[in-house]
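Some notes on the structure that comes next.
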Amino acid sequence: MKSPIADDPRKKELAQKRHFSLRINLFFFVTFVLFSILIVRLAMLQFVETKIHKAAENRNGTQTIQIAPIRGNIYDSSKSPLAYTIPMQSLFFRIDPSAQKLDELIAIADRLKVDVFDKYAKPNSKSPTPEEIILAMDIGYDYHKAEIKKPSYYWVPRRIKADLSSEEIAYLLEHRDEFKWLDVTEESIRTYELDDDGNTTIATHLVGYTNSFTSPTAKEIYKDSPMVQEYLSSENVGFDGIERMYQDELRGRNGRKTYPVDAVNKIIGRADVTAPVKGNNLYLSIHKDIQKATERMLEEHIRYLRSPSHANDLYLSVGMQAASGFAVAMEVDTGRVVTMANYPDYDANAWTGGMSASVYKEIESFIPNGSIRTAKAKYPDEKENAKHPSSIVFMGSTIKPMSVLIGLKENFFSGNGYVYNDTGSFSFGKGGNSTITNSGKAAYGAMDAAGAIEHSSNTFMSEKVGIPFWAKYGRENPEVTAKWAEYMAKFGMGVKTGSGLPGELAGSNDFIKNAVKDSYQSAMVYASWGQNEKTTTLQLAQYTATLASRGKRMKPLFVDEIRDYQGQLVRKIEPEVLDDFSAEFAKEHWNTIIHGMKSGAEGIEELPFNVARKTGTSTQSVSGGSVENAVFIAFAPVENPKLAVAVVVPEGGFGRYGASPIAAKIFQAYDAANDGVLTKLGGGKRPW
């Protein structure tokens, strides 16, 4: 049966209108309700919750973390790397104050030590104790006082341990659910090129090392640096050598990460990153092959001197106690230092991640650069240590070319035709109660000023330089000291070399000390043949180069050029003349002293070019007696000086045997590394 509405069109239309009207009314009603809710909500926000949200807005903000730049590399003159930065994996801890409990964190610290670091750390690496781990976490807990303090900040991850081994990383990743809030993150690590022996690094003492900026030593070193505000607690800075001297060039500039954080400084968004700028690269004057040859020869020759087979040898037995050695070679015309070597040496990579106490104890006496300041070999205790000299020794007979030059300038004698009769001894003082002799009490007979240098006559220096100088400049008066020091300073003695190396000493002068003990006359006599002036090996090298150049004292240079990380030249280091007094001494006077620099020297005569040289044996008082230090200076070729060399071997005995062979190897290595330049400049071996 059909619906009546379906049969009646008018009724059908009327029904449709009712339905449409109902839907329209429903739509408007819903819209009204929604708008009413919206208006009420807006009113609540405007009048009720405004202060709450305003306070929340004010509590949100940003925190900026500075990113340490990647340190620039250090290369030798042949562009071989000596120090460079490589990636390493470090363990970091993130603070989450809303979820972390103290007992849980202490348990994690204990487990890290026992289950991870003690079992899987790299050999000789320093692993933190549980107390140190808690301290590094910076959660505000003091193990010893059992006190809880508020952490210094929340948003920066704390480094727990650097330079993780692959085994440590594997264990941490395998148990990541158990080690909450810990992350393994890649950082950069300073690495130093190993020598051929694999146990020491190349030019360790010159290149220096880096260590944590958080240490009190670093704070003191850089307290006046204009860049100190940029330094981060997580970074390492230069502590010695080139690393420290060129810290600002090597470091680069910080990058930044800016995080949005909430009221409790918890990160609530992605960081805005500004990348750091990598530090500049340094290209040193040191040549890797020459440096390695010098380091090898120092070690081999000192072991040779210590050989029991020398016990009955008249000359070599004197050097059997030698345990350390130092050598510096410097170009005469430029001041470029091509090698600076110390023995004993060590592996500078031991500083990475923090040096262990046991390793430090073994090497602490020779960590300093003995070529510019005090260092010693390792001795068992303080009592034994006092029986041995440091790296700073008396000049000994190496001063004699300068003494003769001063005597010539002061007209105490002449260079041509003057004859001195060396009887082997000389007496002075009241009634002649003080007597000095030549080495071995040798009497050389008739000789001129050049012969006095060649034979290393103590009597000539005392009678013809020491006594006349004392008489001319005040006798028993400090003026004698001042005038002698003035001459010494011209040649770089008693003053710093100007190298700029941190920690460099100016040597020392025992003149006043000896004058007070005996007399100014006695002090001057001993000063004339090198028993008053203590010197560093770098000072000796600069002095030798000054003799070779006939009066131009050059600044020792260690860096040839600085380039940015893209290889663009930043700065070229040019030679610098510190003093030029060549005109103060007559040409014939220079000729006289250089002609006299022909001392017998092992290994030197075999070289294919002429070498001017002077051996020295400096006597030094130590606890329980005195020792003989081997000292040697030389430059070559005589005809056109290019390279000056100085070698010091404390307790090495006679310079001829204890130091000269080392210098000969340095000349050979330099000639080989520079296409035979010394042989070419010298024109071959011939009389001179």
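Following the order of the structure tokens, chains are lettered A, B, ..., residues in each are numbered from 1, and ligands are numbered from 1.
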Open item on the list: Which residues are near Ala275 of chain A? Cut-off 9 Å, only C-alpha atoms, ignore same chain within fewer than 2 positions. Put them as a list in words.
Closed with: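 These residues fall inside the cut-off: Ile67, Pro69, Asn254, Gly255, Arg256, Lys257, Val273 and Val277 of chain A.
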Could those residues be written to a file, using C-alpha atoms, as an mmCIF file, in the first residue's frame?
```
data_model
loop_
_atom_site.group_PDB
_atom_site.id
_atom_site.type_symbol
_atom_site.label_atom_id
_atom_site.label_comp_id
_atom_site.auth_asym_id
_atom_site.auth_seq_id
_atom_site.Cartn_x
_atom_site.Cartn_y
_atom_site.Cartn_z
ATOM 1 C CA ILE A 67 81.559 24.132 20.726
ATOM 2 C CA PRO A 69 87.057 24.182 17.574
ATOM 3 C CA ASN A 254 84.297 28.447 19.007
ATOM 4 C CA GLY A 255 81.079 27.271 17.419
ATOM 5 C CA ARG A 256 77.730 27.430 19.199
ATOM 6 C CA LYS A 257 74.596 25.363 19.834
ATOM 7 C CA VAL A 273 74.088 25.362 15.310
ATOM 8 C CA VAL A 277 86.288 27.492 12.815
#
```
TODO: Within 6 Å of segment 163-178 of chain A, counting only C-alpha atoms, which residues show up once you throw out same-chain ones fewer than 2 positions away? Write them as an NGL selection string, please.
DONE: :A and (88-90 or 116 or 120-122 or 180)
Go ahead and dump the residues you just picked, C-alpha atoms, as a tab-separated table (two decimals), in the first residue's frame.
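The resulting file, out31.tsv, is reproduced below:
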```
chain	number	residue	atom	x	y	z
A	88	MET	CA	87.83	9.86	19.53
A	89	GLN	CA	84.86	8.48	21.41
A	90	SER	CA	84.02	9.90	24.84
A	116	VAL	CA	83.69	-1.17	32.20
A	120	TYR	CA	88.14	-2.79	29.03
A	121	ALA	CA	90.10	0.50	29.18
A	122	LYS	CA	93.10	1.05	26.92
A	180	LYS	CA	70.72	5.37	31.71
```
Open item on the list: List the spatial neighbours of segment 324-337 of chain A as a list in words - criterion: any atom at most 6 Å away, only C-alpha atoms, same-chain residues fewer than 4 positions off excluded.
Closed with: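 Using only C-alpha atoms, the neighbours found are Ser285, Ala341, Asn342, Tyr343, Pro344, Ser371, Ala377, Ala545, Met554, Lys555, Pro556, Leu557, Phe558, Pro575, Lys642, Leu643, Ala644, Val645, Ala646, Val647, Val648 and Val649 of chain A.
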Mind dumping the selected residues with N, CA and C atoms as a PDB file, in the first residue's frame?
```
ATOM      1  N   SER A 285     110.263  24.703  11.362  1.00  0.00           N
ATOM      2  CA  SER A 285     111.591  24.677  10.739  1.00  0.00           C
ATOM      3  C   SER A 285     112.271  23.334  10.976  1.00  0.00           C
ATOM      4  N   ALA A 341     116.743  18.303  20.149  1.00  0.00           N
ATOM      5  CA  ALA A 341     116.510  16.945  20.637  1.00  0.00           C
ATOM      6  C   ALA A 341     116.966  16.797  22.082  1.00  0.00           C
ATOM      7  N   ASN A 342     116.204  16.028  22.832  1.00  0.00           N
ATOM      8  CA  ASN A 342     116.499  15.739  24.236  1.00  0.00           C
ATOM      9  C   ASN A 342     116.530  14.227  24.446  1.00  0.00           C
ATOM     10  N   TYR A 343     117.402  13.796  25.318  1.00  0.00           N
ATOM     11  CA  TYR A 343     117.389  12.403  25.771  1.00  0.00           C
ATOM     12  C   TYR A 343     117.564  12.413  27.292  1.00  0.00           C
ATOM     13  N   PRO A 344     116.732  11.674  28.048  1.00  0.00           N
ATOM     14  CA  PRO A 344     115.669  10.770  27.615  1.00  0.00           C
ATOM     15  C   PRO A 344     114.474  11.520  27.013  1.00  0.00           C
ATOM     16  N   SER A 371     116.662  21.503  26.638  1.00  0.00           N
ATOM     17  CA  SER A 371     117.456  22.363  25.758  1.00  0.00           C
ATOM     18  C   SER A 371     117.292  23.840  26.108  1.00  0.00           C
ATOM     19  N   ALA A 377     117.789  13.210  33.864  1.00  0.00           N
ATOM     20  CA  ALA A 377     117.378  11.825  33.671  1.00  0.00           C
ATOM     21  C   ALA A 377     116.681  11.350  34.947  1.00  0.00           C
ATOM     22  N   ALA A 545     126.215  30.195  16.228  1.00  0.00           N
ATOM     23  CA  ALA A 545     125.783  30.831  14.985  1.00  0.00           C
ATOM     24  C   ALA A 545     126.267  32.282  14.922  1.00  0.00           C
ATOM     25  N   MET A 554     121.072  36.039  15.681  1.00  0.00           N
ATOM     26  CA  MET A 554     119.758  35.802  15.087  1.00  0.00           C
ATOM     27  C   MET A 554     118.775  35.265  16.122  1.00  0.00           C
ATOM     28  N   LYS A 555     117.527  35.639  15.946  1.00  0.00           N
ATOM     29  CA  LYS A 555     116.461  35.069  16.765  1.00  0.00           C
ATOM     30  C   LYS A 555     116.220  33.628  16.339  1.00  0.00           C
ATOM     31  N   PRO A 556     116.239  32.671  17.277  1.00  0.00           N
ATOM     32  CA  PRO A 556     115.927  31.284  16.910  1.00  0.00           C
ATOM     33  C   PRO A 556     114.474  31.172  16.455  1.00  0.00           C
ATOM     34  N   LEU A 557     114.274  30.583  15.289  1.00  0.00           N
ATOM     35  CA  LEU A 557     112.928  30.425  14.734  1.00  0.00           C
ATOM     36  C   LEU A 557     112.555  28.948  14.711  1.00  0.00           C
ATOM     37  N   PHE A 558     111.293  28.668  15.025  1.00  0.00           N
ATOM     38  CA  PHE A 558     110.813  27.283  15.027  1.00  0.00           C
ATOM     39  C   PHE A 558     109.670  27.066  14.045  1.00  0.00           C
ATOM     40  N   PRO A 575     113.264  35.825   9.004  1.00  0.00           N
ATOM     41  CA  PRO A 575     114.435  35.904   9.889  1.00  0.00           C
ATOM     42  C   PRO A 575     114.518  37.264  10.577  1.00  0.00           C
ATOM     43  N   LYS A 642     126.791  27.757   7.205  1.00  0.00           N
ATOM     44  CA  LYS A 642     125.360  27.533   6.999  1.00  0.00           C
ATOM     45  C   LYS A 642     124.673  26.961   8.238  1.00  0.00           C
ATOM     46  N   LEU A 643     125.350  26.048   8.951  1.00  0.00           N
ATOM     47  CA  LEU A 643     124.708  25.366  10.072  1.00  0.00           C
ATOM     48  C   LEU A 643     125.593  25.425  11.309  1.00  0.00           C
ATOM     49  N   ALA A 644     124.977  25.801  12.453  1.00  0.00           N
ATOM     50  CA  ALA A 644     125.657  25.815  13.752  1.00  0.00           C
ATOM     51  C   ALA A 644     125.044  24.743  14.636  1.00  0.00           C
ATOM     52  N   VAL A 645     125.893  24.009  15.350  1.00  0.00           N
ATOM     53  CA  VAL A 645     125.434  22.883  16.174  1.00  0.00           C
ATOM     54  C   VAL A 645     126.004  23.017  17.579  1.00  0.00           C
ATOM     55  N   ALA A 646     125.168  22.717  18.576  1.00  0.00           N
ATOM     56  CA  ALA A 646     125.611  22.667  19.972  1.00  0.00           C
ATOM     57  C   ALA A 646     125.108  21.378  20.604  1.00  0.00           C
ATOM     58  N   VAL A 647     125.997  20.717  21.346  1.00  0.00           N
ATOM     59  CA  VAL A 647     125.643  19.460  22.016  1.00  0.00           C
ATOM     60  C   VAL A 647     126.123  19.521  23.464  1.00  0.00           C
ATOM     61  N   VAL A 648     125.268  19.102  24.383  1.00  0.00           N
ATOM     62  CA  VAL A 648     125.607  19.031  25.802  1.00  0.00           C
ATOM     63  C   VAL A 648     125.260  17.637  26.314  1.00  0.00           C
ATOM     64  N   VAL A 649     126.241  16.983  26.930  1.00  0.00           N
ATOM     65  CA  VAL A 649     126.003  15.675  27.550  1.00  0.00           C
ATOM     66  C   VAL A 649     126.482  15.761  28.992  1.00  0.00           C
TER      67      VAL A 649
END
```
Near-Ala323 of chain A list (12 Å; only C-alpha atoms; drop same-chain fewer than 3 positions) as a PDB file with N, CA, C and O atoms, in the first residue's frame:
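Wrote part-v4.pdb, looks like this:
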```pdb
ATOM      1  N   LEU A 298     121.709  10.587  19.946  1.00  0.00           N
ATOM      2  CA  LEU A 298     121.820  10.897  21.369  1.00  0.00           C
ATOM      3  C   LEU A 298     121.672   9.631  22.209  1.00  0.00           C
ATOM      4  O   LEU A 298     122.481   9.357  23.099  1.00  0.00           O
ATOM      5  N   GLU A 299     120.630   8.876  21.925  1.00  0.00           N
ATOM      6  CA  GLU A 299     120.389   7.656  22.696  1.00  0.00           C
ATOM      7  C   GLU A 299     121.511   6.641  22.508  1.00  0.00           C
ATOM      8  O   GLU A 299     122.034   6.084  23.485  1.00  0.00           O
ATOM      9  N   GLU A 300     121.899   6.413  21.260  1.00  0.00           N
ATOM     10  CA  GLU A 300     122.927   5.402  20.980  1.00  0.00           C
ATOM     11  C   GLU A 300     124.271   5.786  21.584  1.00  0.00           C
ATOM     12  O   GLU A 300     124.989   4.940  22.135  1.00  0.00           O
ATOM     13  N   HIS A 301     124.635   7.070  21.483  1.00  0.00           N
ATOM     14  CA  HIS A 301     125.954   7.462  21.973  1.00  0.00           C
ATOM     15  C   HIS A 301     126.015   7.452  23.490  1.00  0.00           C
ATOM     16  O   HIS A 301     127.055   7.077  24.068  1.00  0.00           O
ATOM     17  N   ILE A 302     124.932   7.840  24.146  1.00  0.00           N
ATOM     18  CA  ILE A 302     124.938   7.794  25.608  1.00  0.00           C
ATOM     19  C   ILE A 302     125.005   6.351  26.096  1.00  0.00           C
ATOM     20  O   ILE A 302     125.703   6.044  27.072  1.00  0.00           O
ATOM     21  N   ARG A 303     124.331   5.460  25.413  1.00  0.00           N
ATOM     22  CA  ARG A 303     124.452   4.039  25.769  1.00  0.00           C
ATOM     23  C   ARG A 303     125.876   3.539  25.528  1.00  0.00           C
ATOM     24  O   ARG A 303     126.406   2.732  26.311  1.00  0.00           O
ATOM     25  N   TYR A 304     126.490   4.023  24.467  1.00  0.00           N
ATOM     26  CA  TYR A 304     127.881   3.661  24.167  1.00  0.00           C
ATOM     27  C   TYR A 304     128.814   4.155  25.274  1.00  0.00           C
ATOM     28  O   TYR A 304     129.696   3.421  25.737  1.00  0.00           O
ATOM     29  N   LEU A 305     128.614   5.405  25.724  1.00  0.00           N
ATOM     30  CA  LEU A 305     129.461   5.956  26.781  1.00  0.00           C
ATOM     31  C   LEU A 305     129.319   5.158  28.071  1.00  0.00           C
ATOM     32  O   LEU A 305     130.291   4.994  28.824  1.00  0.00           O
ATOM     33  N   ARG A 306     128.145   4.641  28.334  1.00  0.00           N
ATOM     34  CA  ARG A 306     127.877   3.920  29.580  1.00  0.00           C
ATOM     35  C   ARG A 306     128.328   2.457  29.546  1.00  0.00           C
ATOM     36  O   ARG A 306     128.226   1.749  30.551  1.00  0.00           O
ATOM     37  N   SER A 307     128.825   2.031  28.414  1.00  0.00           N
ATOM     38  CA  SER A 307     129.213   0.629  28.266  1.00  0.00           C
ATOM     39  C   SER A 307     130.309   0.241  29.260  1.00  0.00           C
ATOM     40  O   SER A 307     131.307   0.954  29.407  1.00  0.00           O
ATOM     41  N   GLY A 319     133.077   9.472  30.970  1.00  0.00           N
ATOM     42  CA  GLY A 319     131.683   9.698  30.604  1.00  0.00           C
ATOM     43  C   GLY A 319     130.747   8.558  30.904  1.00  0.00           C
ATOM     44  O   GLY A 319     129.594   8.559  30.423  1.00  0.00           O
ATOM     45  N   MET A 320     131.177   7.608  31.709  1.00  0.00           N
ATOM     46  CA  MET A 320     130.359   6.417  31.931  1.00  0.00           C
ATOM     47  C   MET A 320     129.098   6.670  32.750  1.00  0.00           C
ATOM     48  O   MET A 320     128.198   5.829  32.778  1.00  0.00           O
ATOM     49  N   PHE A 326     121.546  16.633  25.081  1.00  0.00           N
ATOM     50  CA  PHE A 326     120.742  17.678  24.447  1.00  0.00           C
ATOM     51  C   PHE A 326     121.495  18.224  23.241  1.00  0.00           C
ATOM     52  O   PHE A 326     122.708  18.437  23.309  1.00  0.00           O
ATOM     53  N   ASN A 342     116.204  16.028  22.832  1.00  0.00           N
ATOM     54  CA  ASN A 342     116.499  15.739  24.236  1.00  0.00           C
ATOM     55  C   ASN A 342     116.530  14.227  24.446  1.00  0.00           C
ATOM     56  O   ASN A 342     115.748  13.493  23.833  1.00  0.00           O
ATOM     57  N   TYR A 343     117.402  13.796  25.318  1.00  0.00           N
ATOM     58  CA  TYR A 343     117.389  12.403  25.771  1.00  0.00           C
ATOM     59  C   TYR A 343     117.564  12.413  27.292  1.00  0.00           C
ATOM     60  O   TYR A 343     118.426  13.119  27.793  1.00  0.00           O
ATOM     61  N   PRO A 344     116.732  11.674  28.048  1.00  0.00           N
ATOM     62  CA  PRO A 344     115.669  10.770  27.615  1.00  0.00           C
ATOM     63  C   PRO A 344     114.474  11.520  27.013  1.00  0.00           C
ATOM     64  O   PRO A 344     114.280  12.690  27.251  1.00  0.00           O
ATOM     65  N   ASP A 345     113.705  10.757  26.265  1.00  0.00           N
ATOM     66  CA  ASP A 345     112.520  11.277  25.615  1.00  0.00           C
ATOM     67  C   ASP A 345     111.315  10.472  26.103  1.00  0.00           C
ATOM     68  O   ASP A 345     111.472   9.496  26.843  1.00  0.00           O
ATOM     69  N   PHE A 366     112.157  14.560  33.240  1.00  0.00           N
ATOM     70  CA  PHE A 366     112.577  14.984  31.903  1.00  0.00           C
ATOM     71  C   PHE A 366     111.407  15.382  31.005  1.00  0.00           C
ATOM     72  O   PHE A 366     111.553  15.451  29.787  1.00  0.00           O
ATOM     73  N   ALA A 375     116.340  20.069  33.280  1.00  0.00           N
ATOM     74  CA  ALA A 375     115.778  18.719  33.170  1.00  0.00           C
ATOM     75  C   ALA A 375     116.865  17.729  33.572  1.00  0.00           C
ATOM     76  O   ALA A 375     118.058  18.043  33.548  1.00  0.00           O
ATOM     77  N   LYS A 376     116.436  16.552  33.942  1.00  0.00           N
ATOM     78  CA  LYS A 376     117.373  15.500  34.341  1.00  0.00           C
ATOM     79  C   LYS A 376     116.856  14.148  33.904  1.00  0.00           C
ATOM     80  O   LYS A 376     115.663  13.974  33.654  1.00  0.00           O
ATOM     81  N   ALA A 377     117.789  13.210  33.864  1.00  0.00           N
ATOM     82  CA  ALA A 377     117.378  11.825  33.671  1.00  0.00           C
ATOM     83  C   ALA A 377     116.681  11.350  34.947  1.00  0.00           C
ATOM     84  O   ALA A 377     116.669  12.044  35.966  1.00  0.00           O
ATOM     85  N   LYS A 378     116.076  10.178  34.888  1.00  0.00           N
ATOM     86  CA  LYS A 378     115.352   9.631  36.035  1.00  0.00           C
ATOM     87  C   LYS A 378     116.336   8.962  36.996  1.00  0.00           C
ATOM     88  O   LYS A 378     117.128   8.105  36.603  1.00  0.00           O
ATOM     89  N   TYR A 379     116.284   9.385  38.261  1.00  0.00           N
ATOM     90  CA  TYR A 379     117.111   8.773  39.298  1.00  0.00           C
ATOM     91  C   TYR A 379     116.197   8.239  40.403  1.00  0.00           C
ATOM     92  O   TYR A 379     115.082   8.735  40.591  1.00  0.00           O
ATOM     93  N   ASN A 385     119.629  11.869  43.074  1.00  0.00           N
ATOM     94  CA  ASN A 385     119.390  12.948  42.120  1.00  0.00           C
ATOM     95  C   ASN A 385     120.370  14.107  42.333  1.00  0.00           C
ATOM     96  O   ASN A 385     120.842  14.729  41.382  1.00  0.00           O
ATOM     97  N   HIS A 388     123.891  14.361  40.542  1.00  0.00           N
ATOM     98  CA  HIS A 388     124.002  14.499  39.090  1.00  0.00           C
ATOM     99  C   HIS A 388     123.609  15.906  38.646  1.00  0.00           C
ATOM    100  O   HIS A 388     122.703  16.517  39.215  1.00  0.00           O
ATOM    101  N   PRO A 389     124.263  16.420  37.630  1.00  0.00           N
ATOM    102  CA  PRO A 389     123.958  17.771  37.140  1.00  0.00           C
ATOM    103  C   PRO A 389     122.682  17.785  36.309  1.00  0.00           C
ATOM    104  O   PRO A 389     122.227  16.750  35.815  1.00  0.00           O
ATOM    105  N   SER A 390     122.132  18.975  36.158  1.00  0.00           N
ATOM    106  CA  SER A 390     120.967  19.134  35.294  1.00  0.00           C
ATOM    107  C   SER A 390     121.440  19.418  33.871  1.00  0.00           C
ATOM    108  O   SER A 390     122.618  19.318  33.546  1.00  0.00           O
ATOM    109  N   SER A 391     120.500  19.804  33.032  1.00  0.00           N
ATOM    110  CA  SER A 391     120.791  20.089  31.625  1.00  0.00           C
ATOM    111  C   SER A 391     121.496  21.423  31.431  1.00  0.00           C
ATOM    112  O   SER A 391     122.018  21.698  30.348  1.00  0.00           O
ATOM    113  N   ASN A 629     131.233  17.506  32.428  1.00  0.00           N
ATOM    114  CA  ASN A 629     130.199  17.547  31.404  1.00  0.00           C
ATOM    115  C   ASN A 629     130.822  17.748  30.026  1.00  0.00           C
ATOM    116  O   ASN A 629     131.692  18.606  29.852  1.00  0.00           O
ATOM    117  N   ALA A 630     130.364  16.985  29.054  1.00  0.00           N
ATOM    118  CA  ALA A 630     130.852  17.117  27.684  1.00  0.00           C
ATOM    119  C   ALA A 630     130.051  18.200  26.965  1.00  0.00           C
ATOM    120  O   ALA A 630     128.820  18.141  26.916  1.00  0.00           O
ATOM    121  N   VAL A 648     125.268  19.102  24.383  1.00  0.00           N
ATOM    122  CA  VAL A 648     125.607  19.031  25.802  1.00  0.00           C
ATOM    123  C   VAL A 648     125.260  17.637  26.314  1.00  0.00           C
ATOM    124  O   VAL A 648     124.129  17.176  26.132  1.00  0.00           O
ATOM    125  N   VAL A 649     126.241  16.983  26.930  1.00  0.00           N
ATOM    126  CA  VAL A 649     126.003  15.675  27.550  1.00  0.00           C
ATOM    127  C   VAL A 649     126.482  15.761  28.992  1.00  0.00           C
ATOM    128  O   VAL A 649     127.681  15.621  29.266  1.00  0.00           O
ATOM    129  N   PRO A 650     125.570  16.034  29.940  1.00  0.00           N
ATOM    130  CA  PRO A 650     125.964  16.076  31.348  1.00  0.00           C
ATOM    131  C   PRO A 650     126.634  14.769  31.766  1.00  0.00           C
ATOM    132  O   PRO A 650     126.161  13.681  31.423  1.00  0.00           O
ATOM    133  N   GLU A 651     127.762  14.908  32.456  1.00  0.00           N
ATOM    134  CA  GLU A 651     128.579  13.766  32.890  1.00  0.00           C
ATOM    135  C   GLU A 651     129.136  12.972  31.709  1.00  0.00           C
ATOM    136  O   GLU A 651     129.514  11.806  31.856  1.00  0.00           O
ATOM    137  N   GLY A 652     129.194  13.627  30.547  1.00  0.00           N
ATOM    138  CA  GLY A 652     129.703  12.944  29.356  1.00  0.00           C
ATOM    139  C   GLY A 652     131.206  12.948  29.221  1.00  0.00           C
ATOM    140  O   GLY A 652     131.751  12.389  28.267  1.00  0.00           O
ATOM    141  N   GLY A 653     131.897  13.612  30.161  1.00  0.00           N
ATOM    142  CA  GLY A 653     133.357  13.630  30.116  1.00  0.00           C
ATOM    143  C   GLY A 653     133.885  14.674  29.158  1.00  0.00           C
ATOM    144  O   GLY A 653     133.425  15.811  29.122  1.00  0.00           O
ATOM    145  N   GLY A 658     132.583  12.756  24.270  1.00  0.00           N
ATOM    146  CA  GLY A 658     131.230  12.647  24.799  1.00  0.00           C
ATOM    147  C   GLY A 658     130.169  13.365  23.995  1.00  0.00           C
ATOM    148  O   GLY A 658     128.984  13.040  24.091  1.00  0.00           O
TER     149      GLY A 658
END
```
Task: Atom-to-atom span, atom CA of Pro157 of chain A and atom CA of Ile108 of chain A, Å - done: 16.2 Å
TODO: Find the spatial neighbours of Ser188 of chain A, counting only C-alpha atoms, within a cut-off of 7 Å - ignore same-chain residues fewer than 5 positions away - and output them as a list in words.
DONE: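 Residues meeting the cut-off are Ile70, Thr85, Ile86, Pro87 and Met88 of chain A.
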Please produce an output containing N, CA and C atoms for each residue in the selection, written as a compact mmCIF listing (two decimals), in the first residue's frame.
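Once everything was written out, this is selection.txt:
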```
# COMPACT_ATOMS: atom_id res chain seq x y z
N ILE A 70 88.24 22.52 16.30
CA ILE A 70 89.23 21.47 16.08
C ILE A 70 90.60 22.13 15.98
N THR A 85 94.99 16.31 14.93
CA THR A 85 93.76 16.02 15.67
C THR A 85 92.96 14.94 14.95
N ILE A 86 92.57 13.92 15.68
CA ILE A 86 91.76 12.84 15.11
C ILE A 86 90.53 12.62 16.00
N PRO A 87 89.48 11.98 15.45
CA PRO A 87 88.27 11.74 16.25
C PRO A 87 88.53 10.71 17.36
N MET A 88 87.82 10.87 18.46
CA MET A 88 87.83 9.86 19.53
C MET A 88 86.43 9.77 20.11
```
TODO: Compare A:Ile363, A:Met461, A:Leu105, A:Val622 by their minimum atom-to-atom distance to Lys383 of chain A, counting only C-alpha atoms, and give me the closest one.
DONE: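 With only C-alpha atoms as the atom set, the closest residue is A:Val622.
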TODO: Could you give me the residues within segment 205-409 of chain A that DSSP places in strand (DSSP E or B), as number ranges by chain?
DONE: A: 210-212, 236-238, 253, 255-261, 267, 272-274, 277, 281-284, 325-331, 336-343, 355, 393-394
Open item on the list: One decimal, in Å: what's the spacing between atom CA of Asp564 of chain A and atom CA of Leu82 of chain A?
Closed with: 16.8 Å
